[in-house]
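So this block is target06.csv, CSV, C-alpha atoms and all ligand atoms:
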```
chain,number,residue,atom,x,y,z
Y,1,MET,CA,0.0,0.0,0.0
Y,2,ALA,CA,1.3,3.5,-0.9
Y,3,THR,CA,2.0,5.7,2.1
Y,4,PRO,CA,-0.5,8.6,2.0
Y,5,THR,CA,1.0,12.1,1.7
Y,6,PRO,CA,1.0,13.9,5.1
Y,7,THR,CA,-1.6,16.6,5.5
Y,8,THR,CA,-0.2,20.1,5.9
Y,9,ALA,CA,-2.9,22.5,6.6
Y,10,THR,CA,-3.8,25.7,8.5
Y,11,GLY,CA,-6.9,26.5,10.3
Y,12,GLY,CA,-8.4,28.6,13.0
Y,13,CYS,CA,-11.4,29.9,14.8
Y,14,PHE,CA,-14.2,32.1,13.4
Y,15,CYS,CA,-12.6,35.4,14.8
Y,16,GLY,CA,-9.1,34.5,13.8
Y,17,LYS,CA,-7.4,34.9,17.2
Y,18,VAL,CA,-6.5,31.3,17.5
Y,19,ARG,CA,-4.6,29.7,14.6
Y,20,ILE,CA,-3.6,26.1,14.1
Y,21,GLU,CA,-1.0,24.6,11.9
Y,22,TYR,CA,-1.1,20.9,11.3
Y,23,SER,CA,1.4,18.7,9.6
Y,24,GLY,CA,1.2,15.0,9.8
Y,25,GLU,CA,-0.8,11.9,9.1
Y,26,PRO,CA,-4.1,11.6,10.9
Y,27,MET,CA,-4.5,8.3,12.8
Y,28,THR,CA,-8.1,8.3,11.8
Y,29,VAL,CA,-10.8,10.6,10.7
Y,30,GLY,CA,-14.4,10.2,12.0
Y,31,LEU,CA,-17.7,11.6,12.7
Y,32,CYS,CA,-19.1,11.5,16.3
Y,33,HIS,CA,-22.8,11.7,16.9
Y,34,CYS,CA,-22.7,11.7,20.7
Y,35,SER,CA,-24.6,14.3,22.7
Y,36,ASP,CA,-21.4,16.0,24.0
Y,37,CYS,CA,-20.3,16.6,20.4
Y,38,ARG,CA,-23.7,18.0,19.5
Y,39,LYS,CA,-23.5,20.5,22.3
Y,40,ILE,CA,-19.8,21.4,21.7
Y,41,THR,CA,-20.4,22.1,18.1
Y,42,GLY,CA,-24.0,23.4,18.3
Y,43,SER,CA,-24.5,21.1,15.3
Y,44,LEU,CA,-25.6,17.5,14.7
Y,45,TYR,CA,-22.2,15.8,15.0
Y,46,SER,CA,-18.5,16.5,15.1
Y,47,TYR,CA,-16.1,15.8,12.3
Y,48,ASN,CA,-12.7,15.0,13.7
Y,49,PHE,CA,-9.1,14.3,12.7
Y,50,VAL,CA,-7.4,12.2,15.4
Y,51,VAL,CA,-3.9,13.5,15.3
Y,52,LYS,CA,-0.7,13.4,17.3
Y,53,ARG,CA,-0.5,16.4,19.7
Y,54,ALA,CA,3.1,17.0,18.6
Y,55,ASP,CA,2.0,17.6,15.0
Y,56,LEU,CA,0.0,20.7,16.0
Y,57,LYS,CA,1.3,24.2,16.3
Y,58,ILE,CA,-1.2,26.5,18.1
Y,59,THR,CA,-1.0,30.3,18.2
Y,60,GLY,CA,-3.3,32.2,20.5
Y,61,SER,CA,-4.8,31.1,23.8
Y,62,PRO,CA,-7.6,28.6,23.5
Y,63,LYS,CA,-9.8,28.4,26.6
Y,64,GLU,CA,-9.8,25.0,28.4
Y,65,LEU,CA,-12.9,23.3,29.7
Y,66,ALA,CA,-12.6,20.0,31.6
Y,67,LYS,CA,-15.5,17.5,31.6
Y,68,ILE,CA,-16.0,13.8,32.5
Y,69,ALA,CA,-17.6,12.1,29.5
Y,70,ASP,CA,-20.4,9.6,29.8
Y,71,SER,CA,-17.8,6.9,29.4
Y,72,GLY,CA,-16.0,8.1,32.5
Y,73,THR,CA,-13.1,9.4,30.5
Y,74,HIS,CA,-11.7,12.8,31.6
Y,75,ILE,CA,-11.5,15.1,28.7
Y,76,LYS,CA,-10.5,18.7,28.1
Y,77,ASN,CA,-12.0,20.7,25.3
Y,78,TYR,CA,-10.4,23.8,23.9
Y,79,PHE,CA,-12.2,26.6,22.1
Y,80,CYS,CA,-11.6,30.3,21.3
Y,81,ALA,CA,-12.5,32.4,24.4
Y,82,ASP,CA,-13.6,35.2,22.1
Y,83,CYS,CA,-15.7,33.6,19.4
Y,84,GLY,CA,-16.4,30.2,20.9
Y,85,THR,CA,-15.2,28.0,18.0
Y,86,PRO,CA,-14.5,24.5,19.2
Y,87,LEU,CA,-10.9,23.7,18.2
Y,88,TYR,CA,-9.8,20.4,19.7
Y,89,GLY,CA,-10.2,18.0,22.6
Y,90,LEU,CA,-7.7,16.0,24.7
Y,91,ARG,CA,-8.2,12.8,26.6
Y,92,MET,CA,-6.6,12.8,30.0
Y,93,ASN,CA,-4.8,9.7,31.3
Y,94,SER,CA,-5.6,8.6,34.8
Y,95,ASP,CA,-2.5,10.4,36.0
Y,96,GLY,CA,-3.8,13.7,34.7
Y,97,VAL,CA,-1.4,13.9,31.8
Y,98,PRO,CA,-2.9,14.4,28.4
Y,99,ALA,CA,-2.8,11.5,26.0
Y,100,GLU,CA,-0.6,11.7,22.9
Y,101,THR,CA,-3.7,12.0,20.7
Y,102,THR,CA,-5.7,15.1,20.0
Y,103,VAL,CA,-9.1,15.2,18.5
Y,104,LEU,CA,-9.0,18.1,16.2
Y,105,ARG,CA,-12.4,19.6,15.0
Y,106,ALA,CA,-11.6,19.4,11.3
Y,107,GLY,CA,-14.2,22.0,10.3
Y,108,ILE,CA,-11.6,24.7,11.4
Y,109,PHE,CA,-9.4,24.0,8.4
Y,110,ASP,CA,-9.2,27.0,6.0
Y,111,ASP,CA,-9.1,24.9,2.8
Y,112,ILE,CA,-12.0,22.6,2.1
Y,113,GLU,CA,-9.7,20.4,0.0
Y,114,VAL,CA,-8.2,19.2,3.2
Y,115,LEU,CA,-11.7,17.9,4.1
Y,116,ASN,CA,-12.4,16.6,0.6
Y,117,GLN,CA,-9.3,14.5,0.7
Y,118,ARG,CA,-10.2,12.8,4.0
Y,119,ARG,CA,-13.4,10.8,4.0
Y,120,PRO,CA,-14.4,9.7,7.5
Y,121,GLU,CA,-13.3,6.1,8.3
Y,122,ALA,CA,-15.7,5.7,11.1
Y,123,GLU,CA,-19.0,7.1,12.5
Y,124,ILE,CA,-19.2,6.6,16.2
Y,125,PHE,CA,-22.1,6.8,18.7
Y,126,THR,CA,-24.4,6.2,15.8
Y,127,SER,CA,-27.3,5.7,18.2
Y,128,GLY,CA,-27.2,9.5,18.6
Y,129,ARG,CA,-27.5,10.2,14.9
Y,130,VAL,CA,-30.7,12.1,14.0
Y,131,SER,CA,-33.2,9.8,12.4
Y,132,TRP,CA,-33.4,11.6,9.0
Y,133,MET,CA,-29.6,11.4,8.3
Y,134,SER,CA,-28.2,8.4,6.5
Y,135,PRO,CA,-25.0,6.5,7.4
Y,136,ILE,CA,-22.2,7.5,5.1
Y,137,GLU,CA,-21.6,4.8,2.5
Y,138,GLY,CA,-18.4,2.9,3.0
Y,139,THR,CA,-17.8,4.4,6.5
Y,140,GLY,CA,-17.5,2.0,9.5
Y,141,GLN,CA,-20.5,2.3,11.8
Y,142,PHE,CA,-20.1,2.0,15.5
Y,143,VAL,CA,-22.8,2.2,18.2
Y,144,GLY,CA,-20.3,3.4,20.8
Y,145,MET,CA,-16.7,4.5,20.9
Y,146,VAL,CA,-13.9,3.0,18.8
Y,147,PRO,CA,-10.6,2.4,20.7
Y,148,LEU,CA,-8.2,5.2,20.0
Y,149,PRO,CA,-4.5,4.8,19.5
Y,201,ZN,ZN,-12.0,33.2,17.8
Y,202,ZN,ZN,-18.7,12.8,20.5
```
Reformat the file's structure so that it appears as structure tokens.
Ligand SMILES: [Zn+2]
Ligand SMILES: [Zn+2]
Amino acid sequence: MATPTPTTATGGCFCGKVRIEYSGEPMTVGLCHCSDCRKITGSLYSYNFVVKRADLKITGSPKELAKIADSGTHIKNYFCADCGTPLYGLRMNSDGVPAETTVLRAGIFDDIEVLNQRRPEAEIFTSGRVSWMSPIEGTGQFVGMVPLP
């Protein structure tokens, strides 16, 4: 199998105070239909690149919000304090240290080509999907969470 070209992309929040540069190979790309994602985005689902924290360069000061997910996992979500755009989320290990992986809200990328090139590999928490939306053809369907690297 050919190695996919790494994604190099820039993105940021609605008001422009937080900018994010990404260069790397997403571990996976997926949609999440859980109720937390609905609230975080104010939309029907989140569309995420699961990336290595080290592959992100963040300019500005995203606001941090800690929450315990329904699964019991400690998560921290980051968003622009001025315009509220959701930017990314971190999963905390039991020792309080963030995991290596970051869940990047992929809608923040400036160039839609970045999104065109990455079809979601998985849809998770499909039981939370609104009834009038169809599953994406060729995308793995999971009622709950998929194990993250
Ligand atoms: Zn902003
Ligand atoms: Zn979710």
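When only C-alpha atoms and all ligand atoms are used to compute distances to ligand ZN 202 (chain Y), the closest of the residues Y:Ser134, Y:Ser127, Y:Ser94, Y:Thr7 turns out to be Y:Ser127.
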Listing only residues of chain Y within 9 Å of ligand ZN 202 (chain Y), what is the closest atom pair and its distance in Å (to one decimal) for each, using only C-alpha atoms and all ligand atoms, sorted by chain and residue number ascending, as a Markdown table?
```
| residue | atom | partner | partner_atom | distance |
| --- | --- | --- | --- | --- |
| Y:Leu31 | CA | Y:ZN202 | ZN | 8.0 |
| Y:Cys32 | CA | Y:ZN202 | ZN | 4.4 |
| Y:His33 | CA | Y:ZN202 | ZN | 5.6 |
| Y:Cys34 | CA | Y:ZN202 | ZN | 4.2 |
| Y:Ser35 | CA | Y:ZN202 | ZN | 6.5 |
| Y:Asp36 | CA | Y:ZN202 | ZN | 5.5 |
| Y:Cys37 | CA | Y:ZN202 | ZN | 4.1 |
| Y:Arg38 | CA | Y:ZN202 | ZN | 7.3 |
| Y:Ile40 | CA | Y:ZN202 | ZN | 8.8 |
| Y:Tyr45 | CA | Y:ZN202 | ZN | 7.2 |
| Y:Ser46 | CA | Y:ZN202 | ZN | 6.5 |
| Y:Ile124 | CA | Y:ZN202 | ZN | 7.6 |
| Y:Phe125 | CA | Y:ZN202 | ZN | 7.1 |
| Y:Met145 | CA | Y:ZN202 | ZN | 8.5 |
```
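Using all atoms listed in the file, we find that the residues with an atom at most 8 Å from any atom of ligand ZN 201 (chain Y) are Gly12, Cys13, Phe14, Cys15, Gly16, Lys17, Val18, Phe79, Cys80, Ala81, Asp82, Cys83, Gly84 and Thr85 of chain Y.
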Do a neighbour search on Pro98 of chain Y at 12 Å with all atoms listed in the file, toss out local chain neighbours closer than 2 positions, and write the hits as an mmCIF file with C-alpha atoms, in the frame of the given file.
```
data_model
loop_
_atom_site.group_PDB
_atom_site.id
_atom_site.type_symbol
_atom_site.label_atom_id
_atom_site.label_comp_id
_atom_site.auth_asym_id
_atom_site.auth_seq_id
_atom_site.Cartn_x
_atom_site.Cartn_y
_atom_site.Cartn_z
ATOM 1 C CA LYS Y 52 -0.700 13.400 17.300
ATOM 2 C CA ARG Y 53 -0.500 16.400 19.700
ATOM 3 C CA ALA Y 54 3.100 17.000 18.600
ATOM 4 C CA ALA Y 66 -12.600 20.000 31.600
ATOM 5 C CA THR Y 73 -13.100 9.400 30.500
ATOM 6 C CA HIS Y 74 -11.700 12.800 31.600
ATOM 7 C CA ILE Y 75 -11.500 15.100 28.700
ATOM 8 C CA LYS Y 76 -10.500 18.700 28.100
ATOM 9 C CA ASN Y 77 -12.000 20.700 25.300
ATOM 10 C CA GLY Y 89 -10.200 18.000 22.600
ATOM 11 C CA LEU Y 90 -7.700 16.000 24.700
ATOM 12 C CA ARG Y 91 -8.200 12.800 26.600
ATOM 13 C CA MET Y 92 -6.600 12.800 30.000
ATOM 14 C CA ASN Y 93 -4.800 9.700 31.300
ATOM 15 C CA SER Y 94 -5.600 8.600 34.800
ATOM 16 C CA ASP Y 95 -2.500 10.400 36.000
ATOM 17 C CA GLY Y 96 -3.800 13.700 34.700
ATOM 18 C CA GLU Y 100 -0.600 11.700 22.900
ATOM 19 C CA THR Y 101 -3.700 12.000 20.700
ATOM 20 C CA THR Y 102 -5.700 15.100 20.000
ATOM 21 C CA VAL Y 103 -9.100 15.200 18.500
#
```
Write out as number ranges by chain which residues come within 7 Å of Leu56 of chain Y when counting only C-alpha atoms, dropping same-chain ones fewer than 2 positions away. Y: 20-23, 53-54, 58
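Among the candidates Y:Asn48, Y:Ser43, Y:Tyr88, Y:Thr8, the residue lying nearest to Lys63 of chain Y is Y:Tyr88 (atoms considered: all atoms listed in the file).
Proximity to Val143 of chain Y was assessed for Y:Thr28, Y:Thr126, Y:Thr59, Y:Ser131 counting all atoms listed in the file; the smallest distance is recorded for Y:Thr126.
Once Tyr47 of chain Y and its same-chain neighbours fewer than 3 positions away are set aside, Val29, Gly30, Leu31, Cys32, Leu104, Arg105, Ala106, Gly107 and Pro120 of chain Y remain within 9 Å of it when counting only C-alpha atoms.
The two atoms in question, atom CA of Ser71 of chain Y and atom CA of Ala122 of chain Y, are spaced 18.5 Å apart.
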Grab the atom CA of Ile112 of chain Y to atom CA of Met133 of chain Y distance for me, in Å with one decimal place. 21.8 Å
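Put simply, atom CA of Val97 of chain Y is 24.3 Å away from atom CA of Gly144 of chain Y.
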Repaired coordinates for segment 111-143 of chain Y (N, CA and C atoms) as a short mmCIF file (atom, residue, chain, number, x, y, z; two decimals), in the coordinates of the input:
```
data_model
loop_
_atom_site.label_atom_id
_atom_site.label_comp_id
_atom_site.auth_asym_id
_atom_site.auth_seq_id
_atom_site.Cartn_x
_atom_site.Cartn_y
_atom_site.Cartn_z
N ASP Y 111 -8.97 25.42 4.14
CA ASP Y 111 -9.10 24.90 2.80
C ASP Y 111 -10.01 23.69 2.76
N ILE Y 112 -11.11 23.76 2.09
CA ILE Y 112 -12.00 22.60 2.10
C ILE Y 112 -11.43 21.40 1.42
N GLU Y 113 -10.39 21.59 0.61
CA GLU Y 113 -9.70 20.40 0.00
C GLU Y 113 -9.17 19.47 1.01
N VAL Y 114 -8.75 20.02 2.15
CA VAL Y 114 -8.20 19.20 3.20
C VAL Y 114 -9.34 18.19 3.67
N LEU Y 115 -10.57 18.69 3.67
CA LEU Y 115 -11.70 17.90 4.10
C LEU Y 115 -12.14 16.94 2.96
N ASN Y 116 -12.05 17.43 1.74
CA ASN Y 116 -12.40 16.60 0.60
C ASN Y 116 -11.52 15.37 0.49
N GLN Y 117 -10.26 15.56 0.87
CA GLN Y 117 -9.30 14.50 0.70
C GLN Y 117 -9.39 13.43 1.82
N ARG Y 118 -10.12 13.72 2.87
CA ARG Y 118 -10.20 12.80 4.00
C ARG Y 118 -11.64 12.39 4.27
N ARG Y 119 -12.06 11.31 3.68
CA ARG Y 119 -13.40 10.80 4.00
C ARG Y 119 -13.32 10.17 5.41
N PRO Y 120 -14.39 10.30 6.18
CA PRO Y 120 -14.40 9.70 7.50
C PRO Y 120 -14.23 8.16 7.39
N GLU Y 121 -13.44 7.59 8.27
CA GLU Y 121 -13.30 6.10 8.30
C GLU Y 121 -14.30 5.50 9.23
N ALA Y 122 -14.78 6.29 10.18
CA ALA Y 122 -15.70 5.70 11.10
C ALA Y 122 -16.76 6.78 11.53
N GLU Y 123 -17.97 6.29 11.79
CA GLU Y 123 -19.00 7.10 12.50
C GLU Y 123 -19.22 6.43 13.80
N ILE Y 124 -19.07 7.20 14.88
CA ILE Y 124 -19.20 6.60 16.20
C ILE Y 124 -20.44 7.20 16.93
N PHE Y 125 -20.87 6.48 17.95
CA PHE Y 125 -22.10 6.80 18.70
C PHE Y 125 -23.26 7.04 17.72
N THR Y 126 -23.39 6.07 16.79
CA THR Y 126 -24.40 6.20 15.80
C THR Y 126 -25.83 6.19 16.34
N SER Y 127 -25.98 5.70 17.58
CA SER Y 127 -27.30 5.70 18.20
C SER Y 127 -27.77 7.15 18.44
N GLY Y 128 -26.83 8.10 18.43
CA GLY Y 128 -27.20 9.50 18.60
C GLY Y 128 -27.41 10.25 17.32
N ARG Y 129 -27.32 9.55 16.21
CA ARG Y 129 -27.50 10.20 14.90
C ARG Y 129 -28.98 10.57 14.71
N VAL Y 130 -29.26 11.76 14.19
CA VAL Y 130 -30.70 12.10 14.00
C VAL Y 130 -31.26 11.18 12.93
N SER Y 131 -32.56 10.93 13.11
CA SER Y 131 -33.20 9.80 12.40
C SER Y 131 -33.26 10.07 10.87
N TRP Y 132 -33.21 11.34 10.45
CA TRP Y 132 -33.40 11.60 9.00
C TRP Y 132 -32.02 11.70 8.28
N MET Y 133 -30.93 11.38 8.99
CA MET Y 133 -29.60 11.40 8.30
C MET Y 133 -29.19 9.96 8.04
N SER Y 134 -28.65 9.72 6.85
CA SER Y 134 -28.20 8.40 6.50
C SER Y 134 -26.78 8.14 6.87
N PRO Y 135 -26.44 6.87 7.16
CA PRO Y 135 -25.00 6.50 7.40
C PRO Y 135 -24.24 6.86 6.09
N ILE Y 136 -23.00 7.22 6.23
CA ILE Y 136 -22.20 7.50 5.10
C ILE Y 136 -21.71 6.18 4.47
N GLU Y 137 -21.94 6.02 3.18
CA GLU Y 137 -21.60 4.80 2.50
C GLU Y 137 -20.11 4.51 2.60
N GLY Y 138 -19.76 3.29 2.95
CA GLY Y 138 -18.40 2.90 3.00
C GLY Y 138 -17.64 3.32 4.25
N THR Y 139 -18.36 3.92 5.20
CA THR Y 139 -17.80 4.40 6.50
C THR Y 139 -18.19 3.40 7.57
N GLY Y 140 -17.24 2.96 8.38
CA GLY Y 140 -17.50 2.00 9.50
C GLY Y 140 -18.54 2.63 10.44
N GLN Y 141 -19.47 1.81 10.89
CA GLN Y 141 -20.50 2.30 11.80
C GLN Y 141 -20.35 1.63 13.17
N PHE Y 142 -20.31 2.48 14.18
CA PHE Y 142 -20.10 2.00 15.50
C PHE Y 142 -21.11 2.60 16.48
N VAL Y 143 -21.80 1.74 17.24
CA VAL Y 143 -22.80 2.20 18.20
C VAL Y 143 -22.18 3.07 19.28
#
```
